[in-house]
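> For reference, the structure I am asking about is given below.
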There are 2 protein chains.
Amino acid sequence: MVKVLLTVAYDGTGFSGWQRQRNAPSVQEEIERALTKLLNKDISVIGASRTDAGVHAAGQRCSFVTDRLAIPVDRLPYAVNSALRSDVSVLKAEIVPPELHPRFSAKTKTYEYVIYNGAIRDPLLRNRSWHIRTPLDTEKISAASSFFIGVHDFKAFCASGSDTKNFTRTILSLQIKIVESQLIMRITGDGFLYNMVRIIAGTLAHVGLGKIEPDDIPRIINSGERSLAGVTAPPQGLTLMEITY
Amino acid sequence: MVKVLLTVAYDGTGFSGWQRQRNAPSVQEEIERALTKLLNKDISVIGASRTDAGVHAAGQRCSFVTDRLAIPVDRLPYAVNSALRSDVSVLKAEIVPPELHPRFSAKTKTYEYVIYNGAIRDPLLRNRSWHIRTPLDTEKISAASSFFIGVHDFKAFCASGSDTKNFTRTILSLQIKIVESQLIMRITGDGFLYNMVRIIAGTLAHVGLGKIEPDDIPRIINSGERSLAGVTAPPQGLTLMEITY
């Protein structure tokens, strides 16, 4: 038996998300279909992150197990890609120890969230950013962002309905970069609650709009109240960039 | 009578090009449809550049004439955009002198061409770049690019079948920028022949692949022979960036 870890990129626009579901195209199903065809046996993959519909990935990870691999592992990406839709691509394949679990063994995850802050919508960014027309106060956003770094209970930044019991996560870095009219938030943590990155992005947007003050952030974190944080930013601005083990 | 000049951006992926044609969605038709609906009278626009299917624009221009404008010209983009598909956007509207012609009055045009030079395809760049797997010699490409600058007869860089008689054009600048695995060519000229930017991009790619040497470029230009230049680079790597008057 051999366990293979794949690094996967996709444009999330045409998918209903990572996770396989009935009657809707998922990235998981597409990769399983291509691997099953290529290896001529039923393959199931386990993903590291269940990205939502519209969310993109430059460095998603998933693994599968097979009794033997008929082609060299470094040729696998080329072989799988020739069977995959053009909006998904396997960037890398490597053999890993059987105990590695793509989700539970992950040490860090990095996401980027893009806000397009221009008065008029940009058709070339429509599927890759959240368009906010009102000028954002980027100084306030930078000031607010530093409060998220460290070990916190992030219950206020978790979508309701989650069955998680432990809301403590560590944010290792949160950087704000301005490129022309785009505000790019890059966040690295040891893990994220459901919708946590999008709620942090939405909260920082509310700070930029003056609805929340930077100094309010510690109080919002401590409250554990989802209603005190900002909106859940829309999915198309989010890209899963990297996962480390 | 008032003449209005629009600055337009679009994602060319879903269009059969700028120019109106039967049974295929064109950017021109979409803008005319939205303006006709908004102004409640038949509007025809004249474009500055007839971009091909799949080619994008960040700064296309077009004009229309109307007897009177019912809304302030600076509000026009917002009003038109609310009636336009999400892959087209009017960035700016301004009243211009009646003698200004969007194509014939243009002083300079600037295009960008993106080559994605990675071993494995990137789904997030698939509609915005030409994927070349083989590593390109970027030093050679930079050396070759300088030969295009200046006043030349560009017959060798014009698609056959064009009914143009004058092939002389002036290239004002041609810059090569490397950003991670992307090679971005930015070219400004007083005008371009049909497919000229894409043939220059294809020729520079052949230089990067070692099929053409940088020193061959002057000879290819002087020959006037299309067959000596490189391939026509595919449309999705091209974006019309700016037009000046």
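Chain lettering (A, B, ...) mirrors the order of the structure tokens, residue numbering begins at 1 for each chain separately, and ligand numbering begins at 1 in order of display.
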Find the residues near range 207-219 of chain A: any atom within 9 Å, counting only C-alpha atoms, skip ones fewer than 5 places away on the same chain, and give them as a PyMOL selection string.
chain A and resi 134-145+147-148+202+224+229-230
> Go ahead and save the residues from that selection, with C-alpha atoms, as an mmCIF file, in the first residue's frame.

data_model
loop_
_atom_site.group_PDB
_atom_site.id
_atom_site.type_symbol
_atom_site.label_atom_id
_atom_site.label_comp_id
_atom_site.auth_asym_id
_atom_site.auth_seq_id
_atom_site.Cartn_x
_atom_site.Cartn_y
_atom_site.Cartn_z
ATOM 1 C CA THR A 134 -16.791 52.884 -0.640
ATOM 2 C CA PRO A 135 -13.141 53.850 -0.027
ATOM 3 C CA LEU A 136 -11.737 51.826 2.874
ATOM 4 C CA ASP A 137 -9.552 53.280 5.615
ATOM 5 C CA THR A 138 -6.565 50.983 5.140
ATOM 6 C CA GLU A 139 -4.691 52.421 8.132
ATOM 7 C CA LYS A 140 -7.531 51.367 10.403
ATOM 8 C CA ILE A 141 -7.628 47.929 8.766
ATOM 9 C CA SER A 142 -3.901 47.450 9.375
ATOM 10 C CA ALA A 143 -4.285 48.564 12.993
ATOM 11 C CA ALA A 144 -7.194 46.166 13.546
ATOM 12 C CA SER A 145 -5.451 43.220 11.883
ATOM 13 C CA PHE A 147 -5.297 42.115 17.248
ATOM 14 C CA PHE A 148 -6.040 38.774 15.574
ATOM 15 C CA GLY A 202 -15.707 40.890 6.609
ATOM 16 C CA GLY A 224 -17.505 35.044 21.614
ATOM 17 C CA ALA A 229 -18.168 40.592 14.283
ATOM 18 C CA GLY A 230 -18.624 41.778 10.691
#
> Using only C-alpha atoms, select each residue of chain A with any atom at most 12 Å away from an atom of chain B, and give the selection as a PyMOL selection string.
chain A and resi 7-14+55-59+74-82+84-93+118-128+133+239
> Run DSSP on the backbone and give me the residues of range 2-244 of chain B it puts in alpha helix (DSSP H), as a PDB file with C-alpha atoms, in the first residue's frame.

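Dumped everything to selection-v4.pdb:
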ATOM      1  CA  VAL B  27     -18.844  43.230 -26.568  1.00  0.00           C
ATOM      2  CA  GLN B  28     -20.061  45.873 -29.025  1.00  0.00           C
ATOM      3  CA  GLU B  29     -23.549  44.383 -29.171  1.00  0.00           C
ATOM      4  CA  GLU B  30     -23.721  44.076 -25.380  1.00  0.00           C
ATOM      5  CA  ILE B  31     -22.770  47.738 -24.873  1.00  0.00           C
ATOM      6  CA  GLU B  32     -25.176  48.894 -27.596  1.00  0.00           C
ATOM      7  CA  ARG B  33     -27.955  46.849 -26.005  1.00  0.00           C
ATOM      8  CA  ALA B  34     -27.342  48.383 -22.563  1.00  0.00           C
ATOM      9  CA  LEU B  35     -27.081  51.965 -23.912  1.00  0.00           C
ATOM     10  CA  THR B  36     -30.194  51.528 -26.065  1.00  0.00           C
ATOM     11  CA  LYS B  37     -32.120  50.320 -23.036  1.00  0.00           C
ATOM     12  CA  LEU B  38     -30.783  53.064 -20.772  1.00  0.00           C
ATOM     13  CA  LEU B  39     -31.233  55.996 -23.182  1.00  0.00           C
ATOM     14  CA  LEU B  76     -23.343  57.222 -17.041  1.00  0.00           C
ATOM     15  CA  PRO B  77     -20.886  54.391 -16.112  1.00  0.00           C
ATOM     16  CA  TYR B  78     -22.939  53.405 -13.050  1.00  0.00           C
ATOM     17  CA  ALA B  79     -26.200  53.509 -14.990  1.00  0.00           C
ATOM     18  CA  VAL B  80     -24.858  51.511 -17.959  1.00  0.00           C
ATOM     19  CA  ASN B  81     -23.111  48.979 -15.720  1.00  0.00           C
ATOM     20  CA  THR B 138      14.328  35.442 -20.759  1.00  0.00           C
ATOM     21  CA  GLU B 139      17.693  37.119 -21.411  1.00  0.00           C
ATOM     22  CA  LYS B 140      17.357  36.315 -25.096  1.00  0.00           C
ATOM     23  CA  ILE B 141      13.765  37.553 -25.120  1.00  0.00           C
ATOM     24  CA  SER B 142      14.818  40.868 -23.579  1.00  0.00           C
ATOM     25  CA  ALA B 143      17.642  41.206 -26.110  1.00  0.00           C
ATOM     26  CA  ALA B 144      15.299  40.484 -29.015  1.00  0.00           C
ATOM     27  CA  SER B 145      12.590  42.854 -27.786  1.00  0.00           C
ATOM     28  CA  MET B 196       0.676  42.254 -34.766  1.00  0.00           C
ATOM     29  CA  VAL B 197       0.972  42.126 -30.966  1.00  0.00           C
ATOM     30  CA  ARG B 198       0.228  38.404 -30.917  1.00  0.00           C
ATOM     31  CA  ILE B 199       2.760  37.696 -33.691  1.00  0.00           C
ATOM     32  CA  ILE B 200       5.420  39.726 -31.850  1.00  0.00           C
ATOM     33  CA  ALA B 201       4.611  37.749 -28.667  1.00  0.00           C
ATOM     34  CA  GLY B 202       4.818  34.467 -30.608  1.00  0.00           C
ATOM     35  CA  THR B 203       8.125  35.507 -32.147  1.00  0.00           C
ATOM     36  CA  LEU B 204       9.577  36.431 -28.747  1.00  0.00           C
ATOM     37  CA  ALA B 205       8.424  33.031 -27.450  1.00  0.00           C
ATOM     38  CA  HIS B 206      10.301  31.359 -30.321  1.00  0.00           C
ATOM     39  CA  VAL B 207      13.360  33.395 -29.334  1.00  0.00           C
ATOM     40  CA  GLY B 208      12.957  32.178 -25.751  1.00  0.00           C
ATOM     41  CA  ASP B 216      17.603  37.448 -36.430  1.00  0.00           C
ATOM     42  CA  ILE B 217      14.877  39.968 -35.586  1.00  0.00           C
ATOM     43  CA  PRO B 218      16.117  42.867 -37.802  1.00  0.00           C
ATOM     44  CA  ARG B 219      16.418  40.469 -40.754  1.00  0.00           C
ATOM     45  CA  ILE B 220      12.893  39.128 -40.149  1.00  0.00           C
ATOM     46  CA  ILE B 221      11.495  42.662 -39.962  1.00  0.00           C
ATOM     47  CA  ASN B 222      13.319  43.674 -43.174  1.00  0.00           C
ATOM     48  CA  SER B 223      12.171  40.564 -45.042  1.00  0.00           C
TER      49      SER B 223
END
> Neighbours of Glu94 in chain A within 8 Å (only C-alpha atoms; same-chain residues fewer than 2 positions away dropped), as a PyMOL selection string?
chain A and resi 4-6+73-74+92+96
> Quick one: residues within 8 Å of Trp18 in chain B, only C-alpha atoms counted, chain neighbours fewer than 5 positions away excluded, as an MDAnalysis selection string?
chainID B and resid 26:28 47 49:53
> Hey, what's within 7 Å of range 100-114 of chain A if we count only C-alpha atoms and toss same-chain stuff fewer than 6 positions away? As a short mmCIF file (atom, residue, chain, number, x, y, z; two decimals) with C-alpha atoms, in the first residue's frame, please?

data_model
loop_
_atom_site.label_atom_id
_atom_site.label_comp_id
_atom_site.auth_asym_id
_atom_site.auth_seq_id
_atom_site.Cartn_x
_atom_site.Cartn_y
_atom_site.Cartn_z
CA ILE A 46 -9.36 12.95 1.53
CA GLY A 47 -9.00 16.72 1.30
CA ALA A 48 -7.21 19.00 3.73
CA SER A 49 -9.78 21.76 3.58
CA ARG A 61 -3.89 19.13 -0.49
CA CYS A 62 -5.53 15.73 -0.68
CA SER A 63 -4.38 12.13 -0.30
CA SER A 129 -12.39 39.51 -5.33
CA TRP A 130 -15.03 41.16 -3.17
CA GLN A 182 -6.77 45.80 -4.32
CA LEU A 183 -6.47 45.10 -0.62
CA ILE A 184 -4.97 41.66 -0.08
CA MET A 185 -5.16 40.00 3.34
CA ARG A 186 -2.78 37.07 3.81
CA ILE A 187 -3.41 35.01 6.92
CA THR A 188 -1.57 32.00 8.32
CA GLY A 189 -2.81 29.91 11.24
CA ASP A 190 -2.58 26.45 12.74
CA GLY A 191 -6.15 25.91 11.59
CA ALA A 201 -12.14 39.60 6.17
CA GLY A 237 -12.36 36.71 -2.80
CA LEU A 238 -10.82 33.72 -0.98
CA THR A 239 -7.93 31.52 -2.11
CA LEU A 240 -6.38 28.66 -0.13
CA MET A 241 -2.68 29.33 -0.75
CA GLU A 242 -0.62 26.82 1.19
CA ILE A 243 -0.74 23.98 3.70
CA THR A 244 2.34 22.79 5.56
CA TYR A 245 2.95 19.51 7.43
#
> Could you work out how far CA of Thr232 in chain B lies from CA of Lys177 in chain B, giving the answer in Å with one decimal?
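Distance reported for this atom pair: 20.2 Å.
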> What does the distance from CA of Val231 in chain B to CA of Phe15 in chain B come to in Å, to one decimal?
23.0 Å
